[in-house]
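Asks: Dropping the structure in here first, questions after.
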Amino acid sequence: QTRTGIALLYDEVSENAYDIRLKLTKEVLTIQKQDVVCVSGSDHSANHRTVTLRRQPVGGLGLSIKGGAEHKVPVVISKIFKDQAAEQTGMLFIGDAIIQVNGINVESATHEEVVHLLRNAGDEVTITVQYLREAPSFLKLPLGSPGPSSDHSSGTSSPLFDSGLHLNGNSTNTAPSSPSSPVANEPKYEKRWLDTLSVPLSMARISRYKTGTDKLRSNAFEVLALDGVSTGILQFYTAQESADWLRAMSTNISDLTLQNIKMANKCCSPSDQVIHMGWVNERLEGADSSQLYKFKFLALKGSSFYIFSTPPVSTLDWVRAEKIYNLCEVLFRIHKLWLVDDCWLQANLYLGIHQDFDLEDQRPYCFSVMVGHGKSHYFNVELGSELAVWEKSFQRAIFLEVQRTGSKTYMCSWQGDTLCFTVDFALGFTCFDSKTKNVLWKFKFSQLKGSSDDGKTRVKLLFQNLDSKQIETKELEFQDLTAVLHCIHSFIAAKVASVDPVFIDSQSIARKYMYSN
């Protein structure tokens, strides 16, 4: 199904916006601009059209103009009146820039100068025009076909107002002149929407923010193709239109991503399948402590969480990731949702490990992935629905990896002894001597009643003895304590999910938000 609609293309340099038409299919977003094309006859000059108008006693030249050099735009035809001179030629259109009047170049002329020239040009006026494809939106030129207008001369020649040339000028001939009409062998023209840019949506990304900043564009966003080609800033007339187009494009991009995942998985073993992948923005700290955002492509595949600067297109690209983390040793955490009443909801997930974050940025739909050695990555997505998908995908990928792995063993120490600590999906926790392999203690997951750590290397695990019901404290030291704590979290969450999947779903912050809206 193809979706079409009118929008504006915003030029950040000139700060002007131009009317465009969007055409969205499942795979491509096409930007169209209006132009005048020759539909029959021989067109001697594709760009310029020269037309002779005969001034009529009633209706004059039958057109109005806007613009002028003093406003840094050419003078353009802003209205064409039905059944009057300009319309009868079949060669003039709203949006035509006037290049010459009776052989005099007016490209650098002011509005008043062109009005004076046209009104004093006599009964026969020859004008050369060229369609202005990028007419600034402040000219407010109608996009439809020419039709009758009730708006007559405004009485002032401001560039932002129409100067009506449908009134009589200084005509020397009072007898009715024959109307302007197209000659049989002259070319015929039509105004049409023409494709000017096509952006493939496969692996494309969308941004509502000014590059690298937290400044949200008002009712506007940009679409960037995999090869970096940009649509430019697409601006919409209302917030509703902007939201509808954003959702439609995001849906198509997501559908294509699912197709790419299915294709990739045909070449992967069952234990190395892609669960989810897609674009996000990563928050980076600048040298001056400023917050910068950069596009990153994330993937959950097999046993690993990948961070790329560009999407993996071939099998070889997977080893070129910027970062690769084991899924058992990461912790996914939602930070922000933008609620309907403009409040921020900050939430810890089930068994979340407390960590303070600077949450002063202005972006909604944020999540972090905490990794080993106390480090973390902070990400933002464009839509709440994307956040819900990432939350669900991380859960699924981590649970699958826990079940595949079965157990993980870490080297640790206590009071000078080198020990091994095992987290096992079926058995729970076991600690044994690394040399003799003698088991020192073992507990089920259900026996873990609490924990505390020094934030560096040491952790206390509190277990309840099944017989005495007393709490037993076990202290251990790890080289990468964060990774071990994340692993414990992953195994416990996976265990709970295997016993009670509904409970895990009930903890979903993002999905609760999505359903409530």
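By convention here, the chains of the structure tokens are called A, B, ... in the order presented, each chain's residues are numbered starting at 1, and ligands are numbered starting at 1 in the order presented.
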Identify, with DSSP run on backbone atoms, the residues in stretch 84-124 of chain A assigned to strand (DSSP E or B), and express the list as a ChimeraX atom specification.

Replies: /A:96-101,104-105,124

Asks: Generate the output file for the selected residues, C-alpha atoms, as a PDB file, in the first residue's frame.

Replies:
```
ATOM      1  CA  ASP A  96       6.278  30.301 -12.295  1.00  0.00           C
ATOM      2  CA  ALA A  97       9.120  32.749 -11.659  1.00  0.00           C
ATOM      3  CA  ILE A  98       9.096  35.707 -14.065  1.00  0.00           C
ATOM      4  CA  ILE A  99      12.498  35.983 -15.802  1.00  0.00           C
ATOM      5  CA  GLN A 100      11.785  38.629 -18.459  1.00  0.00           C
ATOM      6  CA  VAL A 101       9.043  41.153 -19.316  1.00  0.00           C
ATOM      7  CA  ILE A 104      13.804  43.116 -20.012  1.00  0.00           C
ATOM      8  CA  ASN A 105      15.458  40.836 -17.451  1.00  0.00           C
ATOM      9  CA  GLU A 124       0.533  42.826 -25.510  1.00  0.00           C
TER      10      GLU A 124
END
```

Asks: Taking into account only C-alpha atoms, which residue in the set A:Ser314, A:Leu234, A:Phe443, A:Lys188 is nearest to A:Cys267?

Replies: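 With only C-alpha atoms as the atom set, the closest residue is A:Ser314.
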
Asks: Taking into account only C-alpha atoms, which residue in the set A:His276, A:Lys23, A:Arg208, A:His48 is nearest to A:Ala248?

Replies: A:Lys23

Asks: Closest to A:Asp35 among A:Asp123, A:Glu70, A:Asp195, A:Glu87, using only C-alpha atoms?

Replies: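 Using only C-alpha atoms, the shortest distance to A:Asp35 belongs to A:Asp195.
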
Asks: Here is a test: counting only C-alpha atoms, which residue of A:Phe425, A:Tyr378, A:Tyr293, A:Phe305 is nearest to A:Thr405?

Replies: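 Of A:Phe425, A:Tyr378, A:Tyr293, A:Phe305, the one nearest A:Thr405, counting only C-alpha atoms, is A:Phe425.
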
Asks: Using only C-alpha atoms, determine which residues lie at most 7 Å from A:Leu461, disregarding the query and same-chain residues fewer than 5 positions distant; provide the list as JSON, numbers by chain.

Replies: {"A": [450, 451, 452, 473, 474, 475]}

Asks: With all heavy atoms retained, export the selected residues as a PDB file, in the first residue's frame.

Replies:
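Done, and the output landed in result-v7.pdb:
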```
ATOM      1  N   GLY A 450      19.519 -12.200  49.793  1.00  0.00           N
ATOM      2  CA  GLY A 450      20.002 -10.826  49.663  1.00  0.00           C
ATOM      3  C   GLY A 450      21.477 -10.788  49.346  1.00  0.00           C
ATOM      4  O   GLY A 450      22.160 -11.824  49.369  1.00  0.00           O
ATOM      5  N   SER A 451      21.966  -9.600  49.009  1.00  0.00           N
ATOM      6  CA  SER A 451      23.396  -9.447  48.727  1.00  0.00           C
ATOM      7  C   SER A 451      23.795  -8.005  48.956  1.00  0.00           C
ATOM      8  O   SER A 451      22.960  -7.095  48.931  1.00  0.00           O
ATOM      9  CB  SER A 451      23.709  -9.856  47.285  1.00  0.00           C
ATOM     10  OG  SER A 451      23.149  -8.918  46.379  1.00  0.00           O
ATOM     11  N   SER A 452      25.084  -7.792  49.199  1.00  0.00           N
ATOM     12  CA  SER A 452      25.638  -6.436  49.279  1.00  0.00           C
ATOM     13  C   SER A 452      27.058  -6.494  48.752  1.00  0.00           C
ATOM     14  O   SER A 452      27.698  -7.554  48.799  1.00  0.00           O
ATOM     15  CB  SER A 452      25.617  -5.929  50.725  1.00  0.00           C
ATOM     16  OG  SER A 452      26.424  -6.757  51.546  1.00  0.00           O
ATOM     17  N   THR A 473      26.193 -16.166  55.657  1.00  0.00           N
ATOM     18  CA  THR A 473      26.837 -15.149  54.812  1.00  0.00           C
ATOM     19  C   THR A 473      28.076 -15.737  54.153  1.00  0.00           C
ATOM     20  O   THR A 473      28.935 -16.309  54.837  1.00  0.00           O
ATOM     21  CB  THR A 473      27.225 -13.910  55.642  1.00  0.00           C
ATOM     22  OG1 THR A 473      26.049 -13.374  56.249  1.00  0.00           O
ATOM     23  CG2 THR A 473      27.860 -12.840  54.763  1.00  0.00           C
ATOM     24  N   LYS A 474      28.166 -15.613  52.846  1.00  0.00           N
ATOM     25  CA  LYS A 474      29.348 -16.081  52.108  1.00  0.00           C
ATOM     26  C   LYS A 474      29.985 -14.875  51.415  1.00  0.00           C
ATOM     27  O   LYS A 474      29.322 -14.161  50.670  1.00  0.00           O
ATOM     28  CB  LYS A 474      28.960 -17.127  51.055  1.00  0.00           C
ATOM     29  CG  LYS A 474      28.221 -18.349  51.626  1.00  0.00           C
ATOM     30  CD  LYS A 474      29.099 -19.130  52.588  1.00  0.00           C
ATOM     31  CE  LYS A 474      28.369 -20.363  53.137  1.00  0.00           C
ATOM     32  NZ  LYS A 474      29.167 -21.057  54.177  1.00  0.00           N
ATOM     33  N   GLU A 475      31.262 -14.646  51.693  1.00  0.00           N
ATOM     34  CA  GLU A 475      31.979 -13.513  51.085  1.00  0.00           C
ATOM     35  C   GLU A 475      32.959 -14.013  50.037  1.00  0.00           C
ATOM     36  O   GLU A 475      33.671 -14.994  50.259  1.00  0.00           O
ATOM     37  CB  GLU A 475      32.727 -12.720  52.160  1.00  0.00           C
ATOM     38  CG  GLU A 475      31.787 -11.943  53.081  1.00  0.00           C
ATOM     39  CD  GLU A 475      32.542 -10.949  53.951  1.00  0.00           C
ATOM     40  OE1 GLU A 475      33.414 -10.238  53.403  1.00  0.00           O
ATOM     41  OE2 GLU A 475      32.263 -10.888  55.156  1.00  0.00           O
TER      42      GLU A 475
END
```

Asks: My list of candidates is A:Asp255, A:Asn465, A:Phe478, A:Ile398. Which is closest to A:Leu419 when distances are computed with only C-alpha atoms?

Replies: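 Going through A:Asp255, A:Asn465, A:Phe478, A:Ile398 one by one, the smallest distance to A:Leu419 is for A:Phe478.
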
Asks: Name all residues at most 12 Å from stretch 126-128 of chain A (count only C-alpha atoms; drop same-chain ones fewer than 5 positions away) and give them as a PyMOL selection string.

Replies: chain A and resi 45+47-55+61+75-77+86+89+91-92+96-107+114+117-118+121+180

Asks: Generate the output file for the selected residues, N, CA, C and O atoms, as a compact mmCIF listing (two decimals), in the first residue's frame.

Replies:
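What follows is the written file out.txt:
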```
# COMPACT_ATOMS: atom_id res chain seq x y z
N SER A 45 12.76 24.98 -25.38
CA SER A 45 13.52 25.23 -24.16
C SER A 45 12.82 24.56 -22.99
O SER A 45 11.71 24.93 -22.63
N ASN A 47 13.52 24.56 -19.86
CA ASN A 47 13.42 25.32 -18.62
C ASN A 47 12.59 26.58 -18.76
O ASN A 47 11.78 26.90 -17.91
N HIS A 48 12.82 27.32 -19.82
CA HIS A 48 12.15 28.61 -19.96
C HIS A 48 10.99 28.51 -20.94
O HIS A 48 11.06 27.83 -21.96
N ARG A 49 9.88 29.22 -20.60
CA ARG A 49 8.74 29.33 -21.52
C ARG A 49 8.49 30.80 -21.77
O ARG A 49 8.46 31.60 -20.83
N THR A 50 8.32 31.14 -23.04
CA THR A 50 8.00 32.53 -23.38
C THR A 50 6.56 32.58 -23.87
O THR A 50 6.16 31.85 -24.77
N VAL A 51 5.77 33.44 -23.21
CA VAL A 51 4.33 33.49 -23.45
C VAL A 51 3.91 34.94 -23.72
O VAL A 51 4.37 35.86 -23.04
N THR A 52 3.07 35.12 -24.74
CA THR A 52 2.52 36.46 -25.02
C THR A 52 1.10 36.54 -24.50
O THR A 52 0.25 35.72 -24.82
N LEU A 53 0.87 37.54 -23.62
CA LEU A 53 -0.44 37.78 -23.03
C LEU A 53 -1.08 39.01 -23.67
O LEU A 53 -0.41 40.03 -23.85
N ARG A 54 -2.36 38.92 -24.01
CA ARG A 54 -3.10 40.09 -24.51
C ARG A 54 -3.98 40.59 -23.38
O ARG A 54 -4.86 39.88 -22.91
N ARG A 55 -3.72 41.80 -22.97
CA ARG A 55 -4.46 42.38 -21.86
C ARG A 55 -5.94 42.51 -22.22
O ARG A 55 -6.27 43.01 -23.29
N LEU A 61 -4.39 41.03 -17.17
CA LEU A 61 -3.53 39.89 -17.53
C LEU A 61 -4.03 38.59 -16.87
O LEU A 61 -3.56 37.51 -17.20
N VAL A 75 10.25 37.15 -8.37
CA VAL A 75 8.82 37.44 -8.47
C VAL A 75 8.15 36.22 -9.10
O VAL A 75 8.59 35.74 -10.15
N VAL A 76 7.11 35.70 -8.44
CA VAL A 76 6.44 34.51 -8.95
C VAL A 76 4.95 34.76 -9.14
O VAL A 76 4.37 35.63 -8.50
N ILE A 77 4.37 33.99 -10.05
CA ILE A 77 2.92 34.05 -10.25
C ILE A 77 2.26 33.33 -9.07
O ILE A 77 2.55 32.17 -8.81
N ALA A 86 -4.16 34.85 -18.62
CA ALA A 86 -3.06 33.94 -18.26
C ALA A 86 -3.48 32.48 -18.37
O ALA A 86 -2.73 31.65 -18.90
N THR A 89 -3.76 30.87 -22.02
CA THR A 89 -2.55 30.49 -22.76
C THR A 89 -2.25 29.01 -22.58
O THR A 89 -1.66 28.37 -23.44
N MET A 91 -0.09 27.93 -20.73
CA MET A 91 1.36 27.80 -20.57
C MET A 91 1.90 28.44 -19.29
O MET A 91 3.10 28.43 -19.06
N LEU A 92 0.99 29.02 -18.48
CA LEU A 92 1.44 29.66 -17.25
C LEU A 92 0.85 28.95 -16.05
O LEU A 92 -0.28 28.46 -16.09
N ASP A 96 5.34 29.88 -11.24
CA ASP A 96 6.28 30.30 -12.29
C ASP A 96 6.99 31.57 -11.86
O ASP A 96 6.36 32.56 -11.46
N ALA A 97 8.32 31.54 -11.94
CA ALA A 97 9.12 32.75 -11.66
C ALA A 97 9.24 33.55 -12.96
O ALA A 97 9.52 32.99 -14.02
N ILE A 98 9.01 34.86 -12.87
CA ILE A 98 9.10 35.71 -14.06
C ILE A 98 10.55 36.11 -14.29
O ILE A 98 11.19 36.72 -13.41
N ILE A 99 11.09 35.73 -15.47
CA ILE A 99 12.50 35.98 -15.80
C ILE A 99 12.63 37.28 -16.61
O ILE A 99 13.52 38.09 -16.36
N GLN A 100 11.74 37.44 -17.60
CA GLN A 100 11.79 38.63 -18.46
C GLN A 100 10.38 39.17 -18.71
O GLN A 100 9.41 38.41 -18.75
N VAL A 101 10.28 40.49 -18.88
CA VAL A 101 9.04 41.15 -19.32
C VAL A 101 9.38 42.00 -20.54
O VAL A 101 10.20 42.93 -20.45
N ASN A 102 8.80 41.64 -21.70
CA ASN A 102 9.09 42.32 -22.97
C ASN A 102 10.59 42.47 -23.21
O ASN A 102 11.09 43.54 -23.58
N GLY A 103 11.33 41.38 -22.95
CA GLY A 103 12.77 41.34 -23.23
C GLY A 103 13.64 41.93 -22.14
O GLY A 103 14.87 41.86 -22.21
N ILE A 104 13.02 42.52 -21.11
CA ILE A 104 13.80 43.12 -20.01
C ILE A 104 13.95 42.09 -18.90
O ILE A 104 12.96 41.55 -18.39
N ASN A 105 15.20 41.82 -18.51
CA ASN A 105 15.46 40.84 -17.45
C ASN A 105 15.04 41.40 -16.10
O ASN A 105 15.44 42.50 -15.72
N VAL A 106 14.21 40.63 -15.37
CA VAL A 106 13.70 41.10 -14.08
C VAL A 106 14.08 40.16 -12.93
O VAL A 106 13.48 40.20 -11.86
N GLU A 107 15.08 39.30 -13.16
CA GLU A 107 15.47 38.33 -12.11
C GLU A 107 15.95 39.02 -10.84
O GLU A 107 15.81 38.47 -9.75
N VAL A 114 8.61 45.16 -10.93
CA VAL A 114 7.94 44.22 -11.84
C VAL A 114 6.47 44.60 -12.00
O VAL A 114 5.92 44.55 -13.10
N LEU A 117 6.33 47.50 -14.35
CA LEU A 117 6.64 47.07 -15.72
C LEU A 117 5.44 46.38 -16.37
O LEU A 117 5.09 46.66 -17.52
N LEU A 118 4.80 45.48 -15.61
CA LEU A 118 3.67 44.73 -16.17
C LEU A 118 2.45 45.63 -16.40
O LEU A 118 1.73 45.46 -17.38
N ALA A 121 3.07 47.89 -19.64
CA ALA A 121 3.70 47.21 -20.78
C ALA A 121 2.84 47.24 -22.04
O ALA A 121 3.20 46.64 -23.05
N SER A 180 -6.00 35.60 -25.17
CA SER A 180 -4.79 34.80 -25.36
C SER A 180 -5.21 33.35 -25.42
O SER A 180 -6.00 32.90 -24.62
```
